[in-house]
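Dumped my_file.tsv below, it's TSV, C-alpha atoms:
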chain	number	residue	atom	x	y	z
F	1317	MET	CA	0.00	0.00	0.00
F	1318	ALA	CA	1.43	3.35	-0.98
F	1319	ILE	CA	1.65	5.83	1.87
F	1320	LYS	CA	1.15	9.41	0.88
F	1321	CYS	CA	3.35	11.88	2.69
F	1322	VAL	CA	1.58	15.21	3.02
F	1323	THR	CA	4.26	17.89	2.98
F	1324	GLY	CA	2.98	21.03	1.41
F	1325	ARG	CA	4.47	24.35	0.49
F	1326	HIS	CA	2.96	25.68	3.72
F	1327	ASP	CA	5.49	23.60	5.67
F	1328	PHE	CA	8.45	25.01	3.74
F	1329	PHE	CA	7.04	28.53	3.91
F	1330	LEU	CA	6.64	28.39	7.69
F	1331	ALA	CA	10.11	26.77	8.04
F	1332	ALA	CA	11.57	29.64	5.97
F	1333	CYS	CA	9.74	32.17	8.20
F	1334	LEU	CA	11.17	30.52	11.35
F	1335	LEU	CA	14.64	30.55	9.78
F	1336	GLY	CA	14.23	34.25	8.95
F	1337	LEU	CA	13.11	34.98	12.51
F	1338	ALA	CA	16.19	33.18	13.88
F	1339	VAL	CA	18.50	35.20	11.61
F	1340	ILE	CA	16.86	38.50	12.64
F	1341	LEU	CA	17.06	37.66	16.36
F	1342	GLY	CA	20.65	36.41	16.04
F	1343	VAL	CA	21.82	39.57	14.23
F	1344	MET	CA	19.90	41.79	16.69
F	1345	PHE	CA	21.24	40.17	19.86
F	1346	HIS	CA	24.83	39.60	18.71
F	1347	TRP	CA	25.42	42.48	16.31
F	1348	PRO	CA	28.98	43.26	17.59
F	1349	LEU	CA	30.00	39.66	16.79
F	1350	VAL	CA	28.44	39.74	13.30
F	1351	GLN	CA	29.91	43.19	12.60
F	1352	ALA	CA	33.43	42.22	13.72
F	1353	SER	CA	33.28	39.13	11.55
F	1354	LEU	CA	32.12	41.04	8.46
F	1355	ARG	CA	34.83	43.69	9.00
F	1356	GLY	CA	37.57	41.07	9.38
F	1357	ASN	CA	38.18	41.82	13.08
F	1358	LEU	CA	36.84	38.53	14.41
F	1359	THR	CA	40.09	37.11	15.82
F	1360	THR	CA	40.88	40.38	17.61
F	1361	LEU	CA	37.41	40.44	19.18
F	1362	LEU	CA	37.61	36.75	20.17
F	1363	ASP	CA	41.07	37.24	21.73
F	1364	GLN	CA	39.77	40.23	23.71
F	1365	LYS	CA	36.62	38.41	24.90
F	1366	ARG	CA	38.62	35.29	25.81
F	1367	GLN	CA	41.01	37.41	27.85
F	1368	GLU	CA	38.14	39.17	29.66
F	1369	ARG	CA	36.42	35.85	30.45
F	1370	ARG	CA	39.62	34.23	31.70
F	1371	GLU	CA	40.42	37.16	33.98
F	1372	VAL	CA	37.12	36.56	35.76
F	1373	GLN	CA	36.94	32.76	35.54
F	1374	PHE	CA	40.56	31.95	36.41
F	1375	GLN	CA	41.41	34.73	38.81
F	1376	GLY	CA	44.73	34.07	40.53
F	1377	VAL	CA	46.28	31.77	37.93
F	1378	LYS	CA	49.30	33.54	36.47
F	1379	THR	CA	50.14	33.06	32.82
F	1380	LEU	CA	53.31	32.73	30.73
F	1381	ASP	CA	53.96	33.55	27.10
F	1382	LEU	CA	56.07	31.37	24.81
F	1383	ALA	CA	59.38	33.10	25.53
F	1384	GLN	CA	58.85	32.93	29.31
F	1385	ALA	CA	57.81	29.29	29.09
F	1386	PHE	CA	60.92	28.40	27.08
F	1387	GLN	CA	63.12	30.28	29.55
F	1388	ALA	CA	61.57	28.35	32.46
F	1389	TRP	CA	62.17	25.10	30.58
F	1390	GLN	CA	65.83	26.01	29.81
F	1391	GLU	CA	66.52	26.91	33.43
F	1392	LYS	CA	64.96	23.58	34.48
F	1393	LYS	CA	63.36	25.29	37.42
F	1394	ALA	CA	59.81	24.25	36.60
F	1395	LEU	CA	58.02	20.97	36.03
F	1396	PHE	CA	55.90	21.05	32.86
F	1397	VAL	CA	52.44	19.55	33.21
F	1398	ASP	CA	50.57	18.50	30.05
F	1399	ALA	CA	46.79	18.79	30.53
F	1400	ARG	CA	45.88	17.22	27.18
F	1401	LYS	CA	44.46	13.75	26.56
F	1402	ALA	CA	46.81	10.77	27.06
F	1403	ASP	CA	46.95	9.92	23.32
F	1404	GLU	CA	47.89	13.49	22.38
F	1405	TYR	CA	50.57	13.51	25.08
F	1406	GLN	CA	51.99	10.20	23.88
F	1407	GLU	CA	52.11	11.48	20.30
F	1408	LEU	CA	54.31	14.45	21.23
F	1409	HIS	CA	54.80	16.68	24.28
F	1410	VAL	CA	57.17	19.21	25.81
F	1411	GLN	CA	60.36	17.38	26.71
F	1412	GLY	CA	60.24	16.32	30.36
F	1413	ALA	CA	56.55	17.07	30.85
F	1414	ILE	CA	54.22	14.81	32.82
F	1415	ASN	CA	50.65	14.11	31.73
F	1416	VAL	CA	47.63	14.98	33.88
F	1417	PRO	CA	44.64	14.51	31.54
F	1418	GLN	CA	41.20	15.85	32.42
F	1419	GLU	CA	39.74	12.44	33.31
F	1420	THR	CA	42.22	12.18	36.22
F	1421	TRP	CA	41.49	15.60	37.74
F	1422	ALA	CA	38.79	14.26	40.04
F	1423	GLU	CA	41.42	12.06	41.75
F	1424	LEU	CA	44.11	14.73	41.86
F	1425	ASN	CA	44.48	14.27	45.63
F	1426	SER	CA	45.63	10.67	45.19
F	1427	SER	CA	47.93	11.31	42.20
F	1428	GLU	CA	51.73	11.13	42.12
F	1429	LEU	CA	51.80	14.91	41.75
F	1430	MET	CA	50.65	15.29	45.36
F	1431	LYS	CA	53.90	13.72	46.61
F	1432	MET	CA	55.84	16.68	45.26
F	1433	ASP	CA	56.96	19.75	47.12
F	1434	ARG	CA	54.11	22.27	47.04
F	1435	MET	CA	56.61	25.05	46.43
F	1436	ARG	CA	57.74	23.44	43.18
F	1437	GLU	CA	57.05	25.64	40.20
F	1438	LEU	CA	54.58	24.05	37.77
F	1439	VAL	CA	53.99	25.19	34.18
F	1440	VAL	CA	50.70	23.81	32.88
F	1441	TYR	CA	49.80	23.76	29.20
F	1442	CYS	CA	47.12	22.32	26.91
F	1443	SER	CA	46.81	22.13	23.14
F	1444	GLN	CA	46.50	25.74	21.97
F	1445	GLU	CA	45.67	29.35	22.81
F	1446	SER	CA	41.90	28.81	22.67
F	1447	CYS	CA	41.79	25.86	25.09
F	1448	ASP	CA	41.04	26.46	28.75
F	1449	ASP	CA	42.34	23.18	30.19
F	1450	ALA	CA	45.71	24.62	31.28
F	1451	LEU	CA	43.94	27.34	33.27
F	1452	LYS	CA	41.36	24.90	34.66
F	1453	LEU	CA	44.08	22.50	35.85
F	1454	GLY	CA	46.16	25.43	37.10
F	1455	LYS	CA	43.23	26.55	39.23
F	1456	LYS	CA	42.74	23.01	40.60
F	1457	LEU	CA	46.45	22.67	41.41
F	1458	ARG	CA	46.31	25.93	43.35
F	1459	GLU	CA	43.28	24.64	45.22
F	1460	VAL	CA	45.17	21.51	46.32
F	1461	GLY	CA	48.06	23.59	47.64
F	1462	PHE	CA	50.56	24.24	44.86
F	1463	GLU	CA	51.48	27.88	45.19
F	1464	ARG	CA	53.66	28.45	42.15
F	1465	VAL	CA	51.42	27.41	39.27
F	1466	LEU	CA	51.76	29.11	35.91
F	1467	ALA	CA	49.66	28.50	32.81
F	1468	PHE	CA	51.42	28.59	29.45
F	1469	THR	CA	48.46	29.78	27.38
F	1470	GLY	CA	50.07	29.40	23.95
F	1471	GLY	CA	49.83	25.66	24.47
F	1472	PHE	CA	51.68	22.84	22.78
F	1473	ARG	CA	50.90	24.18	19.31
F	1474	ALA	CA	52.91	27.37	19.96
F	1475	TRP	CA	55.76	25.31	21.49
F	1476	ASP	CA	55.86	22.90	18.57
F	1477	GLU	CA	55.61	25.65	15.93
F	1478	ALA	CA	58.57	27.40	17.56
F	1479	GLY	CA	60.56	24.19	17.13
F	1480	TYR	CA	61.30	23.82	20.85
F	1481	PRO	CA	62.28	20.41	22.27
F	1482	ALA	CA	59.50	17.85	22.27
F	1483	ASP	CA	59.47	14.10	22.53
F	1484	THR	CA	57.26	11.03	22.60
F	1485	SER	CA	58.69	9.35	25.70
F	1486	ARG	CA	56.86	9.28	29.02
Y	1010	MET	CA	1.42	0.38	18.67
Y	1011	SER	CA	-1.85	0.95	20.51
Y	1012	ALA	CA	-3.72	4.26	20.23
Y	1013	SER	CA	-3.17	5.14	23.89
Y	1014	VAL	CA	0.61	4.58	23.57
Y	1015	LYS	CA	0.70	6.68	20.39
Y	1016	ARG	CA	-1.20	9.41	22.17
Y	1017	PHE	CA	1.60	9.80	24.70
Y	1018	VAL	CA	4.76	8.59	22.91
Y	1019	PHE	CA	4.81	11.16	20.08
Y	1020	PRO	CA	4.02	14.23	22.18
Y	1021	ILE	CA	6.59	13.17	24.80
Y	1022	LEU	CA	9.23	12.55	22.11
Y	1023	GLY	CA	8.41	15.85	20.41
Y	1024	LEU	CA	8.43	17.84	23.63
Y	1025	GLY	CA	11.68	16.14	24.72
Y	1026	LEU	CA	13.44	16.83	21.41
Y	1027	GLY	CA	12.15	20.38	21.35
Y	1028	GLY	CA	13.46	20.89	24.89
Y	1029	VAL	CA	16.86	19.45	23.93
Y	1030	PHE	CA	17.19	21.91	21.04
Y	1031	VAL	CA	16.07	24.86	23.16
Y	1032	TYR	CA	18.60	23.89	25.85
Y	1033	ALA	CA	21.42	23.46	23.31
Y	1034	GLY	CA	20.54	26.85	21.80
Y	1035	ILE	CA	20.52	28.60	25.19
Y	1036	GLN	CA	23.97	27.16	26.01
Y	1037	LYS	CA	25.37	28.61	22.80
Y	1038	TYR	CA	23.46	31.88	23.09
Y	1039	LEU	CA	24.99	32.47	26.52
Y	1040	ALA	CA	28.53	31.89	25.21
Y	1041	PRO	CA	28.55	33.35	21.67
Y	1042	TYR	CA	32.29	34.05	21.56
Y	1043	GLU	CA	33.22	30.54	22.70
Y	1044	PHE	CA	30.81	29.17	20.11
Y	1045	ALA	CA	32.43	31.35	17.42
Y	1046	GLU	CA	35.82	29.90	18.45
Y	1047	ALA	CA	34.38	26.38	18.15
Y	1048	ILE	CA	33.11	27.18	14.63
Y	1049	LEU	CA	36.48	28.68	13.66
Y	1050	ALA	CA	38.24	25.52	14.79
Y	1051	TYR	CA	36.38	23.49	12.14
Y	1052	GLN	CA	38.11	25.63	9.44
Y	1053	LEU	CA	35.11	25.28	7.13
Y	1054	LEU	CA	33.68	28.78	6.91
Y	1055	PRO	CA	35.24	32.06	5.73
Y	1056	PHE	CA	35.93	34.47	8.63
Y	1057	GLY	CA	33.22	36.84	7.40
Y	1058	LEU	CA	30.51	34.21	7.91
Y	1059	VAL	CA	31.64	32.78	11.27
Y	1060	GLY	CA	30.11	35.66	13.27
Y	1061	LEU	CA	26.77	35.42	11.45
Y	1062	VAL	CA	26.56	31.64	11.97
Y	1063	ALA	CA	27.63	31.91	15.64
Y	1064	ALA	CA	24.95	34.56	16.20
Y	1065	THR	CA	22.07	32.89	14.34
Y	1066	LEU	CA	22.52	29.14	14.91
Y	1067	PRO	CA	21.68	29.32	18.65
Y	1068	TRP	CA	18.49	31.21	17.78
Y	1069	LEU	CA	17.66	28.71	15.05
Y	1070	GLU	CA	17.95	25.89	17.60
Y	1071	MET	CA	15.82	27.78	20.13
Y	1072	VAL	CA	13.16	28.84	17.60
Y	1073	SER	CA	12.85	25.39	15.99
Y	1074	GLY	CA	12.95	23.56	19.35
Y	1075	PHE	CA	10.32	25.85	20.83
Y	1076	SER	CA	8.14	25.54	17.71
Y	1077	LEU	CA	8.33	21.74	17.83
Y	1078	ALA	CA	7.38	21.60	21.51
Y	1079	PHE	CA	4.68	24.23	21.04
Y	1080	GLY	CA	3.31	22.32	18.03
Y	1081	TYR	CA	2.64	19.31	20.26
Y	1082	LEU	CA	0.88	21.48	22.82
Y	1083	TRP	CA	-1.22	23.41	20.31
Y	1084	ARG	CA	-4.09	21.22	19.20
Y	1085	GLY	CA	-7.07	21.64	16.97
Y	1086	ARG	CA	-6.90	25.36	16.18
Y	1087	ARG	CA	-7.24	26.27	12.51
Y	1088	PHE	CA	-6.87	29.57	10.79
Y	1089	SER	CA	-7.61	29.90	7.09
Y	1090	ASN	CA	-5.19	27.02	6.48
Y	1091	PRO	CA	-6.81	23.63	5.87
Y	1092	VAL	CA	-4.10	22.01	8.03
Y	1093	PRO	CA	-4.25	22.53	11.83
Y	1094	MET	CA	-1.61	25.06	12.96
Y	1095	GLY	CA	-0.18	22.63	15.51
Y	1096	ALA	CA	0.59	20.00	12.85
Y	1097	LEU	CA	1.95	22.64	10.45
Y	1098	LEU	CA	4.22	24.04	13.17
Y	1099	ARG	CA	5.46	20.55	14.08
Y	1100	ARG	CA	6.30	19.64	10.49
Y	1101	SER	CA	8.01	22.96	9.77
Y	1102	ALA	CA	10.05	22.71	12.99
Y	1103	LEU	CA	10.95	19.10	12.19
Y	1104	LEU	CA	12.13	20.16	8.70
Y	1105	LEU	CA	14.41	22.78	10.27
Y	1106	ILE	CA	15.71	20.42	12.96
Y	1107	LEU	CA	16.32	17.65	10.41
Y	1108	GLY	CA	18.28	20.13	8.29
Y	1109	GLN	CA	20.40	21.20	11.27
Y	1110	SER	CA	21.08	17.61	12.33
Y	1111	LEU	CA	22.13	16.62	8.80
Y	1112	LEU	CA	24.45	19.63	8.74
Y	1113	PHE	CA	25.95	18.69	12.14
Y	1114	VAL	CA	26.62	15.09	11.02
Y	1115	ALA	CA	28.22	16.28	7.77
Y	1116	VAL	CA	30.43	18.80	9.59
Y	1117	LEU	CA	31.48	16.22	12.21
Y	1118	LEU	CA	32.33	13.67	9.49
Y	1119	ILE	CA	34.43	16.22	7.59
Y	1120	ALA	CA	36.26	17.25	10.79
Y	1121	MET	CA	36.89	13.61	11.68
Y	1122	ALA	CA	38.12	12.78	8.17
Y	1123	ARG	CA	40.55	15.70	8.40
Y	1124	GLY	CA	41.83	14.40	11.73
Y	1125	LEU	CA	40.86	17.53	13.69
Y	1126	LYS	CA	41.03	17.05	17.46
Y	1127	ILE	CA	38.74	19.88	18.45
Y	1128	ASP	CA	35.83	20.58	20.77
Y	1129	CYS	CA	32.62	19.71	18.92
Y	1130	GLY	CA	30.77	22.81	20.17
Y	1131	CYS	CA	27.63	20.71	20.42
Y	1132	GLY	CA	26.19	22.64	23.35
Y	1133	LEU	CA	24.64	19.66	25.10
Y	1134	PHE	CA	27.67	17.99	26.60
Y	1135	MET	CA	30.42	20.49	27.25
Y	1136	ASP	CA	34.06	19.69	26.50
Y	1137	ARG	CA	33.10	16.90	24.10
Y	1138	GLN	CA	35.55	16.33	21.27
Y	1139	VAL	CA	34.75	15.58	17.64
Y	1140	GLY	CA	34.57	11.82	17.34
Y	1141	LEU	CA	32.48	8.74	16.84
Y	1142	GLY	CA	30.45	9.41	20.02
Y	1143	ALA	CA	29.18	12.77	18.78
Y	1144	ILE	CA	28.45	11.35	15.31
Y	1145	LEU	CA	26.49	8.36	16.70
Y	1146	GLU	CA	24.53	10.69	18.97
Y	1147	ASP	CA	23.56	12.88	16.00
Y	1148	ALA	CA	22.79	9.82	13.84
Y	1149	LEU	CA	20.43	8.52	16.54
Y	1150	LEU	CA	18.81	11.95	16.75
Y	1151	LEU	CA	18.40	11.95	12.96
Y	1152	GLY	CA	16.70	8.54	13.12
Y	1153	VAL	CA	14.20	9.67	15.75
Y	1154	LEU	CA	13.52	12.94	13.91
Y	1155	GLY	CA	13.05	11.10	10.61
Y	1156	TRP	CA	10.56	8.74	12.28
Y	1157	LEU	CA	8.62	11.63	13.81
Y	1158	TYR	CA	8.55	13.48	10.50
Y	1159	TRP	CA	7.37	10.39	8.65
Y	1160	ARG	CA	4.58	10.00	11.23
Y	1161	GLU	CA	3.56	13.63	10.79
Y	1162	CYS	CA	3.53	13.28	7.00
Y	1163	ARG	CA	1.45	10.13	7.17
Y	1164	ALA	CA	-1.01	11.73	9.57
Y	1165	GLY	CA	-1.45	14.49	6.96
Y	1166	GLY	CA	-2.44	17.14	9.46
Y	1167	ARG	CA	-4.55	14.97	11.75
Y	1168	GLU	CA	-3.73	15.27	15.43
Y	1169	HIS	CA	-2.26	12.16	17.05
Rewrite the structure from the file as structure tokens, please.
Amino acid sequence: MAIKCVTGRHDFFLAACLLGLAVILGVMFHWPLVQASLRGNLTTLLDQKRQERREVQFQGVKTLDLAQAFQAWQEKKALFVDARKADEYQELHVQGAINVPQETWAELNSSELMKMDRMRELVVYCSQESCDDALKLGKKLREVGFERVLAFTGGFRAWDEAGYPADTSR
Amino acid sequence: MSASVKRFVFPILGLGLGGVFVYAGIQKYLAPYEFAEAILAYQLLPFGLVGLVAATLPWLEMVSGFSLAFGYLWRGRRFSNPVPMGALLRRSALLLILGQSLLFVAVLLIAMARGLKIDCGCGLFMDRQVGLGAILEDALLLGVLGWLYWRECRAGGREH
């Protein structure tokens, strides 16, 4: 038995009206975002908004740029902590870094890291500038007592692109 | 399926799916700049369009989700249209949601094929990465939506 599917032009017309309404509301409520994108200033706006959000969300976690992170690595005064997933870490990471992936953060109190001196300087990083995991882990490490925690916000991408030492060993 | 089961199953499914889309839209609406970053990470759109998509997609999810849920609550009323408004609203919302879900699956497949290890920006489960889990979730959603739409088409405007 053939089953007739009743889909008329009314359906498409109303769907188009709903789509139009969504576009109008979106442009109205987020005009600065649309405008920045059309003018080619999107990355500047996103960097600025990310910075503003992080200043509120991760208050107290100090940050490092690439040059400062490399200097800390050269002086061997800090332990580098990789906050990315285990498979990404195993693929390539900052030479000498240890891996503390997100799925282990809930048991941070029982991790090997807790046996370390709380005054040890830690440099935490994740994959790239836009990821928040380094700052999130940095905040957690401060909460469990580490006082000298720094987040390298450029992430592993910036480190790798600069050609700084990286390896695959644990 | 018995008539009494049908009477409850479809409205509950429709209301649930509508609620899911409204929730996902609200999550993105509240964090437009993070959502724009998630779209940028897919490297699929020109910069000039990223802002427009980041601004309008959350509203599209909210409008279509609300319309779907409202369509299941609005029964029997007709205007000049021969089809009840509730059924028309449901089918139009389902068309939009089906379109969005197909787009999400396509984008996820492209990102996965390109080996991108990025946040999926799905809005439902935060910090979820592009991968098989997100694709299966969307495929399941597509199946349910397709079934609902087929039911609506077959009913031809009659209320369940």
Distance limit 9 Å, atoms considered: all atoms listed in the file. Which chain F residues sit that close to chain Y? Return them as a PDB file with C-alpha atoms, in the frame of the given file.
ATOM      1  CA  ILE F1319       1.650   5.830   1.870  1.00  0.00           C
ATOM      2  CA  LYS F1320       1.150   9.410   0.880  1.00  0.00           C
ATOM      3  CA  CYS F1321       3.350  11.880   2.690  1.00  0.00           C
ATOM      4  CA  VAL F1322       1.580  15.210   3.020  1.00  0.00           C
ATOM      5  CA  THR F1323       4.260  17.890   2.980  1.00  0.00           C
ATOM      6  CA  HIS F1326       2.960  25.680   3.720  1.00  0.00           C
ATOM      7  CA  ASP F1327       5.490  23.600   5.670  1.00  0.00           C
ATOM      8  CA  PHE F1328       8.450  25.010   3.740  1.00  0.00           C
ATOM      9  CA  PHE F1329       7.040  28.530   3.910  1.00  0.00           C
ATOM     10  CA  LEU F1330       6.640  28.390   7.690  1.00  0.00           C
ATOM     11  CA  ALA F1331      10.110  26.770   8.040  1.00  0.00           C
ATOM     12  CA  ALA F1332      11.570  29.640   5.970  1.00  0.00           C
ATOM     13  CA  LEU F1334      11.170  30.520  11.350  1.00  0.00           C
ATOM     14  CA  LEU F1335      14.640  30.550   9.780  1.00  0.00           C
ATOM     15  CA  GLY F1336      14.230  34.250   8.950  1.00  0.00           C
ATOM     16  CA  LEU F1337      13.110  34.980  12.510  1.00  0.00           C
ATOM     17  CA  ALA F1338      16.190  33.180  13.880  1.00  0.00           C
ATOM     18  CA  VAL F1339      18.500  35.200  11.610  1.00  0.00           C
ATOM     19  CA  ILE F1340      16.860  38.500  12.640  1.00  0.00           C
ATOM     20  CA  LEU F1341      17.060  37.660  16.360  1.00  0.00           C
ATOM     21  CA  GLY F1342      20.650  36.410  16.040  1.00  0.00           C
ATOM     22  CA  VAL F1343      21.820  39.570  14.230  1.00  0.00           C
ATOM     23  CA  MET F1344      19.900  41.790  16.690  1.00  0.00           C
ATOM     24  CA  PHE F1345      21.240  40.170  19.860  1.00  0.00           C
ATOM     25  CA  HIS F1346      24.830  39.600  18.710  1.00  0.00           C
ATOM     26  CA  TRP F1347      25.420  42.480  16.310  1.00  0.00           C
ATOM     27  CA  PRO F1348      28.980  43.260  17.590  1.00  0.00           C
ATOM     28  CA  LEU F1349      30.000  39.660  16.790  1.00  0.00           C
ATOM     29  CA  VAL F1350      28.440  39.740  13.300  1.00  0.00           C
ATOM     30  CA  GLN F1351      29.910  43.190  12.600  1.00  0.00           C
ATOM     31  CA  ALA F1352      33.430  42.220  13.720  1.00  0.00           C
ATOM     32  CA  SER F1353      33.280  39.130  11.550  1.00  0.00           C
ATOM     33  CA  LEU F1354      32.120  41.040   8.460  1.00  0.00           C
ATOM     34  CA  ARG F1355      34.830  43.690   9.000  1.00  0.00           C
ATOM     35  CA  GLY F1356      37.570  41.070   9.380  1.00  0.00           C
ATOM     36  CA  ASN F1357      38.180  41.820  13.080  1.00  0.00           C
ATOM     37  CA  LEU F1358      36.840  38.530  14.410  1.00  0.00           C
ATOM     38  CA  THR F1359      40.090  37.110  15.820  1.00  0.00           C
ATOM     39  CA  LEU F1361      37.410  40.440  19.180  1.00  0.00           C
ATOM     40  CA  LEU F1362      37.610  36.750  20.170  1.00  0.00           C
ATOM     41  CA  LYS F1365      36.620  38.410  24.900  1.00  0.00           C
ATOM     42  CA  ARG F1366      38.620  35.290  25.810  1.00  0.00           C
ATOM     43  CA  SER F1446      41.900  28.810  22.670  1.00  0.00           C
TER      44      SER F1446
END
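Separating atom CA of Ala1478 of chain F from atom CA of Lys1452 of chain F is a distance of 24.4 Å.
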Pick out the residues sitting within 8 Å of Ala1078 of chain Y, and hand them over as a list of chain:residue names; count all atoms listed in the file, and ignore anything fewer than 2 positions along from it in its own chain. Y:Gly1023, Y:Leu1024, Y:Gly1025, Y:Leu1026, Y:Gly1027, Y:Gly1028, Y:Gly1074, Y:Phe1075, Y:Ser1076, Y:Gly1080, Y:Tyr1081, Y:Leu1082, Y:Arg1099
Selection file, C-alpha atoms, as a PDB file, keeping the file's coordinate frame:
ATOM      1  CA  GLY Y1023       8.410  15.850  20.410  1.00  0.00           C
ATOM      2  CA  LEU Y1024       8.430  17.840  23.630  1.00  0.00           C
ATOM      3  CA  GLY Y1025      11.680  16.140  24.720  1.00  0.00           C
ATOM      4  CA  LEU Y1026      13.440  16.830  21.410  1.00  0.00           C
ATOM      5  CA  GLY Y1027      12.150  20.380  21.350  1.00  0.00           C
ATOM      6  CA  GLY Y1028      13.460  20.890  24.890  1.00  0.00           C
ATOM      7  CA  GLY Y1074      12.950  23.560  19.350  1.00  0.00           C
ATOM      8  CA  PHE Y1075      10.320  25.850  20.830  1.00  0.00           C
ATOM      9  CA  SER Y1076       8.140  25.540  17.710  1.00  0.00           C
ATOM     10  CA  GLY Y1080       3.310  22.320  18.030  1.00  0.00           C
ATOM     11  CA  TYR Y1081       2.640  19.310  20.260  1.00  0.00           C
ATOM     12  CA  LEU Y1082       0.880  21.480  22.820  1.00  0.00           C
ATOM     13  CA  ARG Y1099       5.460  20.550  14.080  1.00  0.00           C
TER      14      ARG Y1099
END
Need the shell around Asp1433 of chain F: protein/DNA/RNA residues with any atom at most 12 Å away, counting only C-alpha atoms. Skip same-chain ones fewer than 2 positions apart. Format as number ranges by chain? F: 1394-1395, 1428-1431, 1435-1438, 1460-1464
Export C-alpha atoms of segment 1369-1408 of chain F from the structure just given, as a short mmCIF file (atom, residue, chain, number, x, y, z; two decimals), in the first residue's frame?
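Writing the result to out_2.cif gives the following:
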data_model
loop_
_atom_site.label_atom_id
_atom_site.label_comp_id
_atom_site.auth_asym_id
_atom_site.auth_seq_id
_atom_site.Cartn_x
_atom_site.Cartn_y
_atom_site.Cartn_z
CA ARG F 1369 36.42 35.85 30.45
CA ARG F 1370 39.62 34.23 31.70
CA GLU F 1371 40.42 37.16 33.98
CA VAL F 1372 37.12 36.56 35.76
CA GLN F 1373 36.94 32.76 35.54
CA PHE F 1374 40.56 31.95 36.41
CA GLN F 1375 41.41 34.73 38.81
CA GLY F 1376 44.73 34.07 40.53
CA VAL F 1377 46.28 31.77 37.93
CA LYS F 1378 49.30 33.54 36.47
CA THR F 1379 50.14 33.06 32.82
CA LEU F 1380 53.31 32.73 30.73
CA ASP F 1381 53.96 33.55 27.10
CA LEU F 1382 56.07 31.37 24.81
CA ALA F 1383 59.38 33.10 25.53
CA GLN F 1384 58.85 32.93 29.31
CA ALA F 1385 57.81 29.29 29.09
CA PHE F 1386 60.92 28.40 27.08
CA GLN F 1387 63.12 30.28 29.55
CA ALA F 1388 61.57 28.35 32.46
CA TRP F 1389 62.17 25.10 30.58
CA GLN F 1390 65.83 26.01 29.81
CA GLU F 1391 66.52 26.91 33.43
CA LYS F 1392 64.96 23.58 34.48
CA LYS F 1393 63.36 25.29 37.42
CA ALA F 1394 59.81 24.25 36.60
CA LEU F 1395 58.02 20.97 36.03
CA PHE F 1396 55.90 21.05 32.86
CA VAL F 1397 52.44 19.55 33.21
CA ASP F 1398 50.57 18.50 30.05
CA ALA F 1399 46.79 18.79 30.53
CA ARG F 1400 45.88 17.22 27.18
CA LYS F 1401 44.46 13.75 26.56
CA ALA F 1402 46.81 10.77 27.06
CA ASP F 1403 46.95 9.92 23.32
CA GLU F 1404 47.89 13.49 22.38
CA TYR F 1405 50.57 13.51 25.08
CA GLN F 1406 51.99 10.20 23.88
CA GLU F 1407 52.11 11.48 20.30
CA LEU F 1408 54.31 14.45 21.23
#
